Structure formats: C-alpha cells, structure tokens
Amino acid sequence: MSVPPSASALVAAAARVAALREVLQARQRSPVRLAETHLSWVLLTTEHAYKLKKPLRLPFVDFSTLALRRHFCAEELRLNRRLAPTLYLDVVEVREGAGGLTFDGDGALLDVAVKMRRFPDGALWSERVAAGELTPHDVDGLALRLADFHRHCAVAAVASGFGSTALHERVTLRLVQGLDAAAPSLMADGGWAALRAWALARPALLAPVFEARCRDGRVRECHGDLHLANLIEVDGDVTAFDGIEFDPALRWIDVLDDVAFVAMDLMAHAHDTLAWRFLDAWFEATGDFDGLPALRFALVSRALVRAQVAVLSDAQHAARPGAGEYLALAARLSTAHDPRLAITHGLPGSGKSVVSQALSEQAGAVRVRSDVERKRLFGIGALQSSQGRIAGGIYDSASTQRTYARLLDVARTALGAGWPVIVDAAFMRADERRVFAALAEAQRAPFTIVDCQAPAAVLRDRLARRNARGDDASEADAAVLETLSAVAEPLGEAERACAIRMDAAVSMPPVALARQWLAAPLCSAGEVADGCAH
C-alpha cells in the first residue's frame with residue numbers, strides 16, 4: 001500500500017525530530033522534552049527550545065517544502081521579536097553529516113528550526129490559570145503592553161483588503177466549513193446551525209464598522225493568536241509569543257480582534273471577571289470604544305478559531321477536551337444581548353471608580369470614566385498631571401461639557417451594540433443625569449444610578465491618600481471637594497427610585513451589586529429625565 005507524499009514527508013520529519021532529540025540528550029546528558037502541536041514539534045533542552053514546522057499543507061497553512069519552512073521560520077523570528085525579543089534567538093539549520101544529525105553543522109541540509117531561549121515551566125498563562133496564580137495585576141499589565149504594541153504596529157493600507165468585510169466573510173466561511181463535520185455532534189438541539197448562521201451573517205451587518213476601522217488605521221500587523229498558552233510572564237513582565245506567521249490574513253487584523261482573543265480565552269477558562277478587567281484596562285488605555293459594535297463578533301470568531309484548533313488536535317492525537325467548550329462559549333456570546341445603562345453619582349473620593357470597576361468585572365459591562373476621557377480630549381495620559389499643560393486648565397465648564405458629550409457618545413455606542421455600560425462620573429448636576437436617562441429611554445434600556453456616599457472626613461482622607469500615591473486619573477483635592485459639595489444637586493424622588501445606594505460604611509460585595517443591577521427592570525427613564533428637569 002503506497003503512502004501519500006504528504007504523509008510520507010510527515011513520517012520522515014517525525015523521525016528526524018526523534019533523532020535530533022537523541023542527539024541533544026546525548027549532548028547535554030539529560031532528558032530533552034518533546035512537545036507537539038497541530039503544526040509543529042518543539043524540542044526542549046535545559047536552556048533552549050528548537051521549534052520545527054511540520055511539512056503540512058492545510059487550508060490555512062502551507063509548510064510542505066523546505067523553502068516555505070525556511071521563509072516562515074524567518075517570519076516567525078521577525079514578528080515575535082516585537083513582543084518577546086529576548087526569547088527569539090535565531091533560525092538554525094538541520095543538517096546530516098558524517099556524525100549524524102545536528103543543528104548548524106556540516107552535511108546535507110534537511111530542515112530548519114527556530115531557536116528560542118527556554119522559559120521556565122509554569123510561566124504560561126494557561127499554566128498560571130490552572131494553578132490559580134493569574135492576578136488582576138497581570139491582566140492590567142498585559143492590557144497596557146498590548147495597547148503600546150498595537151500603537152507601534154505597521155498599519156494596513158485600505159487597498160490591501162485586510163480587515164475588509166469581504167475578508168471577514170472569507171475567513172468566517174473557512175472557519176465554519178472547517179467545523180462543519182465535528183461541531184454538530186458537539187452542540188445539542190441544532191446549536192451549530194444557529195451559531196453557524198449567526199457567524200456567517202455578521203460580517204455583512206458589520207460592514208460599515210469594518211470599513212470605518214480600516215480607514216481609521218485600526219487594522220494593523222498584530223499578533224493574531226493571543227490565547228492563554230501564548231501569553232507568558234518572563235523576566236518579571238507579561239507579554240506574548242508564538243504569533244501568526246503563516247497567514248497574513250490572520251495577522252493583519254483589527255487590533256480589537258487581537259485583544260478579543262485574550263478576553264475570549266479567559267472566558268473559556270471560567271475567568272469572566274479577569275476577561276472584563278482586561279477589556280476595561282485596554283479600552284481605558286486606548287479609548288477605542290468605536291470598536292464596540294464589532295466586539296461580540298470578534299469574541300465569537302476567536303472562540304471558533306480555538307474550536308477548530310481543538311478539532312485538528314483531536315484528529316492528530318487523542319480526543320482532547322476543548323472544542324465543545326469553545327463552541328458553547330461562542331453560542332453564549334452570540335446570543336448575549338443586555339443593553340442597560342448605569343451612571344455613578346457621588347463626590348470625589350466616594351468610591352465611584354472602585355465600585356464601577358467591580359461592577360464592570362462582575363456584570364460583564366463596558367465602563368467609561370470621565371477622569372480618563374477628559375484628559376484624553378487634551379492628549380494627556382490618565383496618570384499624567386494636567387497642571388501647566390493646558391492654558392486655562394481642563395476643568396472649566398466648556399471642558400466638562402465636552403467630557404460629558406464624549407461619555408454620552410460611548411454609552412450610546414455600547415448600548416447600540418447590546419452591551420451593558422457604566423458611566424463613571426460625578427454627575428453632580430441634575431441636567432447631566434437627565435441627558436443619560438433620556439438616552440436609556442430612547443434605547444429602551446434599564447437605567448440605574450449607583451449613588452456613592454461617604455462622610456466628609458472619609459472623603460478628605462481618601463483624596464489625600466490617593467493624591468499622595470499618584471495612581472489615579474482623578475486630580476480632585478480638598479478644594480475641589482469643597483467646591484463640588486457646594487453645588488451638588490441631590491437625587492430627586494424619581495432618581496432615588498432607580499438608584500442603588502453605596503454607603504462607604506456598609507460594604508456590598510461586588511457579586512451582589514452586579515446581581516442587583518442586572519436584575520433591575522426597565523424603569524421609567526422618561527420619568528427620571530422629567531424629574532431631573534424640574
């Protein structure tokens with residue numbers, strides 16, 4: 001019985017990898033671990049890792065020739081040095097001489113490999129999640145790292161077609177066709193048919209968003225594969241490795257698609273709170289709320305990618321859990337639609353930002369902060385002081401009006417995309433609250449006021465300690481507190497009816513707060529708006 005050429009090449013390559021493993025073990029006189037994915041083999045010595053690409057030709061990748069493998073090894077080195085320069089060392093050759101197989105020796109050239117510095121066991125986020133070691137600080141750090149990375153990535157020309165509606169349609173079709181054989185058996189009650197139809201229909205519906213983001217330079221040469229097993233803590237920092245080198249269409253993507261991969265995989269690993277903390281930190285760092293209409297599709301698409309990878313891995317190895325879980329997550333995300341609006345109300349130091357962040361994480365909600373967006377309007381970083389930077393300062397009436405207009409735009413975008421949204425601002429004036437109540441009424445969204453209260457002494461103490469730390473976007477001090485206290489307009493009767501009171505003296509667990517908000521009925525925002533007007 002003859003063996004197909006591709007299978008024959010795979011058998012020969014696997015034999016070379018086994019032989020190289022023996023060579024390395026003899027050289028270092030200790031075991032060399034062999035790790036295998038659906039696309040590659042990795043030999044792990046005490047200090048280095050050697051990654052060899054399998055001679056495969058699949059619908060989304062072609063490593064079938066030595067020339068192609070050499071090209072893609074060089075691309076892997078170039079691309080991954082952007083995020084992990086200390087890990088990616090060189091492209092080395094596999095040769096067979098008189099003494100047998102070796103890396104960069106004499107003799108016939110057989111293959112090439114990417115040589116990497118080996119990182120410690122337990123450094124991968126997939127390992128850290130399993131060990132219960134991943135922290136909010138980690139996801140905050142990654143959000144900032146990726147925001148900076150994307151800021152410096154090459155921008156795709158509109159004419160390239162990357163990020164276009166047509167490309168989204170082709171990639172989605174390829175994804176669902178790759179899952180057609182396996183997915184129906186993994187999803188009960190015809191779930192795959194519904195999810196498949198949803199995924200195929202979304203690109204056309206999102207066409208205006210895709211095209212606008214292409215024009216705005218949001219499509220860039222990204223990482224492309226930011227699942228947890230490609231995220232790492234190394235040298236005390238969080239970063240990513242093993243980005244997509246084999247298909248430009250999977251790498252030249254919207255930056256939102258890149259970050260959606262991280263959030264999706266955290267959700268798939270039952271860490272929704274960390275997923276939403278990550279998204280909140282990234283949106284705060286970038287201000288890229290215009291992508292919210294495409295976020296749900298990005299999350300679902302990334303779940304389908306991981307489902308397809310799991311199916312391929314199952315086919316090459318033994319049955320492995322994963323595909324069913326990713327498909328279930330994709331289905332849950334595709335049907336989740338809960339537009340509701342919460343605004344905070346309270347003096348500086350009353351805990352609005354702490355409460356709104358906890359609520360965002362627990363409820364899976366978009367959050368936008370006045371302190372951050374005000375500074376962004378003037379090109380000032382969240383933790384930078386505005387003192388002396390802008391003539392006349394950034395806290396005059398006109399600047400406040402611009403800030404609240406920006407908050408309203410973000411809230412409208414989030415609600416229109418079906419997301420719950422929290423607007424973190426003081427909302428001292430009734431007319432400010434009225435505008436947001438009217439937005440909720442227009443969107444037929446439940447409207448809630450999170451009323452944060454604390455004694456004056458507590459407020460002064462919190463502001464003093466916060467300003468001494470310098471770790472918050474707010475610049476309010478005791479003088480600002482005194483000014484706002486004098487002009488604050490209390491909630492009216494209709495507002496109190498749809499308010500959740502947060503008292504500094506009585507701590508409400510974030511889970512309980514989220515449940516109370518998400519259970520809030522569609523109150524008459526129109527009555528609230530009318531009440532604010534009188």
# chains A, B, ... in the order shown; residues from 1 in each chain; ligands from 1
call {"tool": "residues_around", "arguments": {"residues": "range 26-41 of chain A", "least_positions_apart": "6", "cutoff": "9 Å", "atoms": "only C-alpha atoms", "output": "list in words"}}
result
Ala14, Val17, Ala18, Tyr50, Lys51, Leu52, Lys53, Lys54, Pro55, Leu56, Val61, Phe63, Val309, Ala310, Leu312, Ser313, Gln316 and His317 of chain A
call {"tool": "write_last_selection", "arguments": {"atoms": "N, CA and C atoms", "output": "mmCIF file, in the first residue's frame"}}
result
data_model
loop_
_atom_site.group_PDB
_atom_site.id
_atom_site.type_symbol
_atom_site.label_atom_id
_atom_site.label_comp_id
_atom_site.auth_asym_id
_atom_site.auth_seq_id
_atom_site.Cartn_x
_atom_site.Cartn_y
_atom_site.Cartn_z
ATOM 1 N N ALA A 14 9.070 13.420 11.349
ATOM 2 C CA ALA A 14 8.924 12.954 12.731
ATOM 3 C C ALA A 14 10.125 12.113 13.143
ATOM 4 N N VAL A 17 12.989 14.456 13.918
ATOM 5 C CA VAL A 17 12.811 15.087 15.230
ATOM 6 C C VAL A 17 13.209 14.121 16.340
ATOM 7 N N ALA A 18 12.821 12.858 16.209
ATOM 8 C CA ALA A 18 13.191 11.859 17.215
ATOM 9 C C ALA A 18 14.712 11.689 17.282
ATOM 10 N N TYR A 50 13.855 24.309 20.407
ATOM 11 C CA TYR A 50 14.011 24.259 18.959
ATOM 12 C C TYR A 50 12.662 23.892 18.353
ATOM 13 N N LYS A 51 12.093 24.808 17.594
ATOM 14 C CA LYS A 51 10.761 24.606 17.027
ATOM 15 C C LYS A 51 10.873 24.272 15.543
ATOM 16 N N LEU A 52 10.379 23.091 15.167
ATOM 17 C CA LEU A 52 10.408 22.641 13.775
ATOM 18 C C LEU A 52 8.984 22.555 13.245
ATOM 19 N N LYS A 53 8.768 23.101 12.076
ATOM 20 C CA LYS A 53 7.430 23.114 11.479
ATOM 21 C C LYS A 53 7.165 21.788 10.764
ATOM 22 N N LYS A 54 5.969 21.282 10.920
ATOM 23 C CA LYS A 54 5.598 20.040 10.254
ATOM 24 C C LYS A 54 5.408 20.289 8.759
ATOM 25 N N PRO A 55 5.823 19.366 7.910
ATOM 26 C CA PRO A 55 5.665 19.536 6.458
ATOM 27 C C PRO A 55 4.218 19.276 6.029
ATOM 28 N N LEU A 56 3.344 20.195 6.410
ATOM 29 C CA LEU A 56 1.914 20.056 6.171
ATOM 30 C C LEU A 56 1.426 21.053 5.131
ATOM 31 N N VAL A 61 -2.581 26.854 5.950
ATOM 32 C CA VAL A 61 -1.138 26.902 6.122
ATOM 33 C C VAL A 61 -0.469 25.960 5.132
ATOM 34 N N PHE A 63 3.372 24.433 4.860
ATOM 35 C CA PHE A 63 4.766 24.229 5.260
ATOM 36 C C PHE A 63 5.353 23.028 4.507
ATOM 37 N N VAL A 309 -8.946 24.602 16.125
ATOM 38 C CA VAL A 309 -7.630 24.086 16.535
ATOM 39 C C VAL A 309 -7.810 22.829 17.384
ATOM 40 N N ALA A 310 -8.780 22.854 18.295
ATOM 41 C CA ALA A 310 -9.027 21.686 19.137
ATOM 42 C C ALA A 310 -9.460 20.491 18.303
ATOM 43 N N LEU A 312 -8.645 19.903 15.131
ATOM 44 C CA LEU A 312 -7.460 19.430 14.432
ATOM 45 C C LEU A 312 -6.545 18.656 15.368
ATOM 46 N N SER A 313 -6.399 19.134 16.584
ATOM 47 C CA SER A 313 -5.551 18.446 17.556
ATOM 48 C C SER A 313 -6.139 17.093 17.903
ATOM 49 N N GLN A 316 -5.264 14.633 15.249
ATOM 50 C CA GLN A 316 -3.877 14.210 15.149
ATOM 51 C C GLN A 316 -3.412 13.440 16.375
ATOM 52 N N HIS A 317 -4.055 13.646 17.498
ATOM 53 C CA HIS A 317 -3.636 12.988 18.730
ATOM 54 C C HIS A 317 -4.794 12.141 19.259
#
call {"tool": "atom_distance", "arguments": {"atom1": "CA of Ala131 in chain A", "atom2": "CA of Gln308 in chain A"}}
result
25.7 Å
call {"tool": "residues_around", "arguments": {"residues": "range 84-87 of chain A", "least_positions_apart": "4", "cutoff": "9 Å", "atoms": "only C-alpha atoms", "output": "VMD selection string"}}
result
chain A and resid 77 80 115 to 119 234 239 to 241
call {"tool": "write_last_selection", "arguments": {"atoms": "all heavy atoms", "output": "compact mmCIF listing (two decimals), in the first residue's frame"}}
result
# COMPACT_ATOMS: atom_id res chain seq x y z
N LEU A 77 10.56 34.61 13.46
CA LEU A 77 11.59 35.34 14.22
C LEU A 77 11.31 36.85 14.17
O LEU A 77 11.32 37.53 15.20
CB LEU A 77 12.96 35.03 13.62
CG LEU A 77 14.18 35.40 14.46
CD1 LEU A 77 14.31 34.45 15.65
CD2 LEU A 77 15.44 35.35 13.61
N ASN A 80 7.83 37.80 16.10
CA ASN A 80 7.77 37.58 17.55
C ASN A 80 8.81 38.35 18.33
O ASN A 80 8.65 38.54 19.55
CB ASN A 80 7.87 36.08 17.83
CG ASN A 80 6.58 35.36 17.51
OD1 ASN A 80 5.58 35.51 18.19
ND2 ASN A 80 6.60 34.59 16.43
N LYS A 115 15.26 28.76 16.85
CA LYS A 115 15.92 28.54 18.14
C LYS A 115 15.46 29.63 19.11
O LYS A 115 15.53 30.83 18.82
CB LYS A 115 17.43 28.60 17.98
CG LYS A 115 18.20 28.33 19.27
CD LYS A 115 19.70 28.38 19.04
CE LYS A 115 20.47 28.11 20.33
NZ LYS A 115 21.95 28.15 20.10
N MET A 116 14.98 29.18 20.27
CA MET A 116 14.45 30.10 21.27
C MET A 116 15.13 29.86 22.62
O MET A 116 15.63 28.77 22.88
CB MET A 116 12.94 29.90 21.43
CG MET A 116 12.14 30.09 20.16
SD MET A 116 10.41 29.55 20.39
CE MET A 116 9.89 30.66 21.70
N ARG A 117 15.13 30.88 23.42
CA ARG A 117 15.50 30.72 24.82
C ARG A 117 14.35 30.02 25.52
O ARG A 117 13.19 30.40 25.37
CB ARG A 117 15.76 32.09 25.42
CG ARG A 117 15.90 32.12 26.93
CD ARG A 117 15.95 33.57 27.40
NE ARG A 117 15.61 33.71 28.80
CZ ARG A 117 15.12 34.81 29.35
NH1 ARG A 117 14.91 35.87 28.59
NH2 ARG A 117 14.83 34.86 30.62
N ARG A 118 14.64 29.00 26.30
CA ARG A 118 13.58 28.30 27.01
C ARG A 118 13.17 29.09 28.25
O ARG A 118 14.02 29.56 29.01
CB ARG A 118 14.04 26.89 27.43
CG ARG A 118 12.93 26.12 28.14
CD ARG A 118 13.30 24.70 28.46
NE ARG A 118 12.23 24.06 29.20
CZ ARG A 118 12.24 22.79 29.59
NH1 ARG A 118 13.30 22.02 29.30
NH2 ARG A 118 11.23 22.28 30.26
N PHE A 119 11.86 29.24 28.43
CA PHE A 119 11.37 29.91 29.61
C PHE A 119 10.99 28.87 30.67
O PHE A 119 10.78 27.69 30.35
CB PHE A 119 10.18 30.82 29.29
CG PHE A 119 9.14 30.19 28.42
CD1 PHE A 119 8.20 29.31 28.93
CD2 PHE A 119 9.07 30.50 27.06
CE1 PHE A 119 7.23 28.74 28.15
CE2 PHE A 119 8.09 29.93 26.25
CZ PHE A 119 7.17 29.05 26.80
N VAL A 234 7.69 36.55 31.71
CA VAL A 234 9.11 36.28 31.55
C VAL A 234 9.89 37.52 31.98
O VAL A 234 9.53 38.64 31.66
CB VAL A 234 9.44 35.89 30.08
CG1 VAL A 234 9.10 37.01 29.12
CG2 VAL A 234 10.89 35.47 29.94
N THR A 239 3.92 39.29 28.55
CA THR A 239 3.98 39.54 27.11
C THR A 239 3.41 38.34 26.38
O THR A 239 2.75 37.49 26.98
CB THR A 239 5.42 39.86 26.67
OG1 THR A 239 5.41 40.33 25.31
CG2 THR A 239 6.33 38.66 26.78
N ALA A 240 3.65 38.26 25.07
CA ALA A 240 3.11 37.18 24.26
C ALA A 240 4.19 36.67 23.31
O ALA A 240 5.13 37.39 22.97
CB ALA A 240 1.90 37.66 23.47
N PHE A 241 4.05 35.43 22.88
CA PHE A 241 4.96 34.85 21.89
C PHE A 241 4.14 33.99 20.94
O PHE A 241 2.92 33.90 21.05
CB PHE A 241 6.07 34.05 22.58
CG PHE A 241 5.63 32.73 23.15
CD1 PHE A 241 6.07 31.54 22.60
CD2 PHE A 241 4.78 32.67 24.25
CE1 PHE A 241 5.66 30.32 23.12
CE2 PHE A 241 4.37 31.48 24.79
CZ PHE A 241 4.81 30.28 24.21
call {"tool": "select_by_dssp", "arguments": {"residues": "range 202-258 of chain A", "states": "strand (DSSP E or B)", "output": "PyMOL selection string"}}
result
chain A and resi 219-221+231-234+237-240+252-254
call {"tool": "closest_residue", "arguments": {"among": "A:Val139, A:Glu245, A:Arg16, A:Glu493", "to": "Ala74 in chain A", "atoms": "only C-alpha atoms"}}
result
A:Glu245
call {"tool": "closest_residue", "arguments": {"among": "A:Phe60, A:Ala15, A:Val300, A:Trp517", "to": "Ile244 in chain A", "atoms": "only C-alpha atoms"}}
result
A:Phe60
call {"tool": "residues_around", "arguments": {"residues": "range 261-274 of chain A", "least_positions_apart": "4", "cutoff": "7 Å", "atoms": "only C-alpha atoms", "output": "number ranges by chain"}}
result
A: 136, 139, 225-228, 257, 278-279, 299, 302-303, 325-326, 329, 361-362
call {"tool": "closest_atom_pairs", "arguments": {"of": "range 222-329 of chain A", "to": "range 399-413 of chain A", "cutoff": "10 Å", "atoms": "only C-alpha atoms", "output": "tab-separated table"}}
result
residue	atom	partner	partner_atom	distance
A:Gly287	CA	A:Val410	CA	9.5
A:Asp288	CA	A:Val410	CA	9.6
A:Phe289	CA	A:Val410	CA	6.4
A:Asp290	CA	A:Thr413	CA	7.2
A:Gly291	CA	A:Thr413	CA	9.0
A:Leu292	CA	A:Thr413	CA	6.9
A:Pro293	CA	A:Thr413	CA	7.2
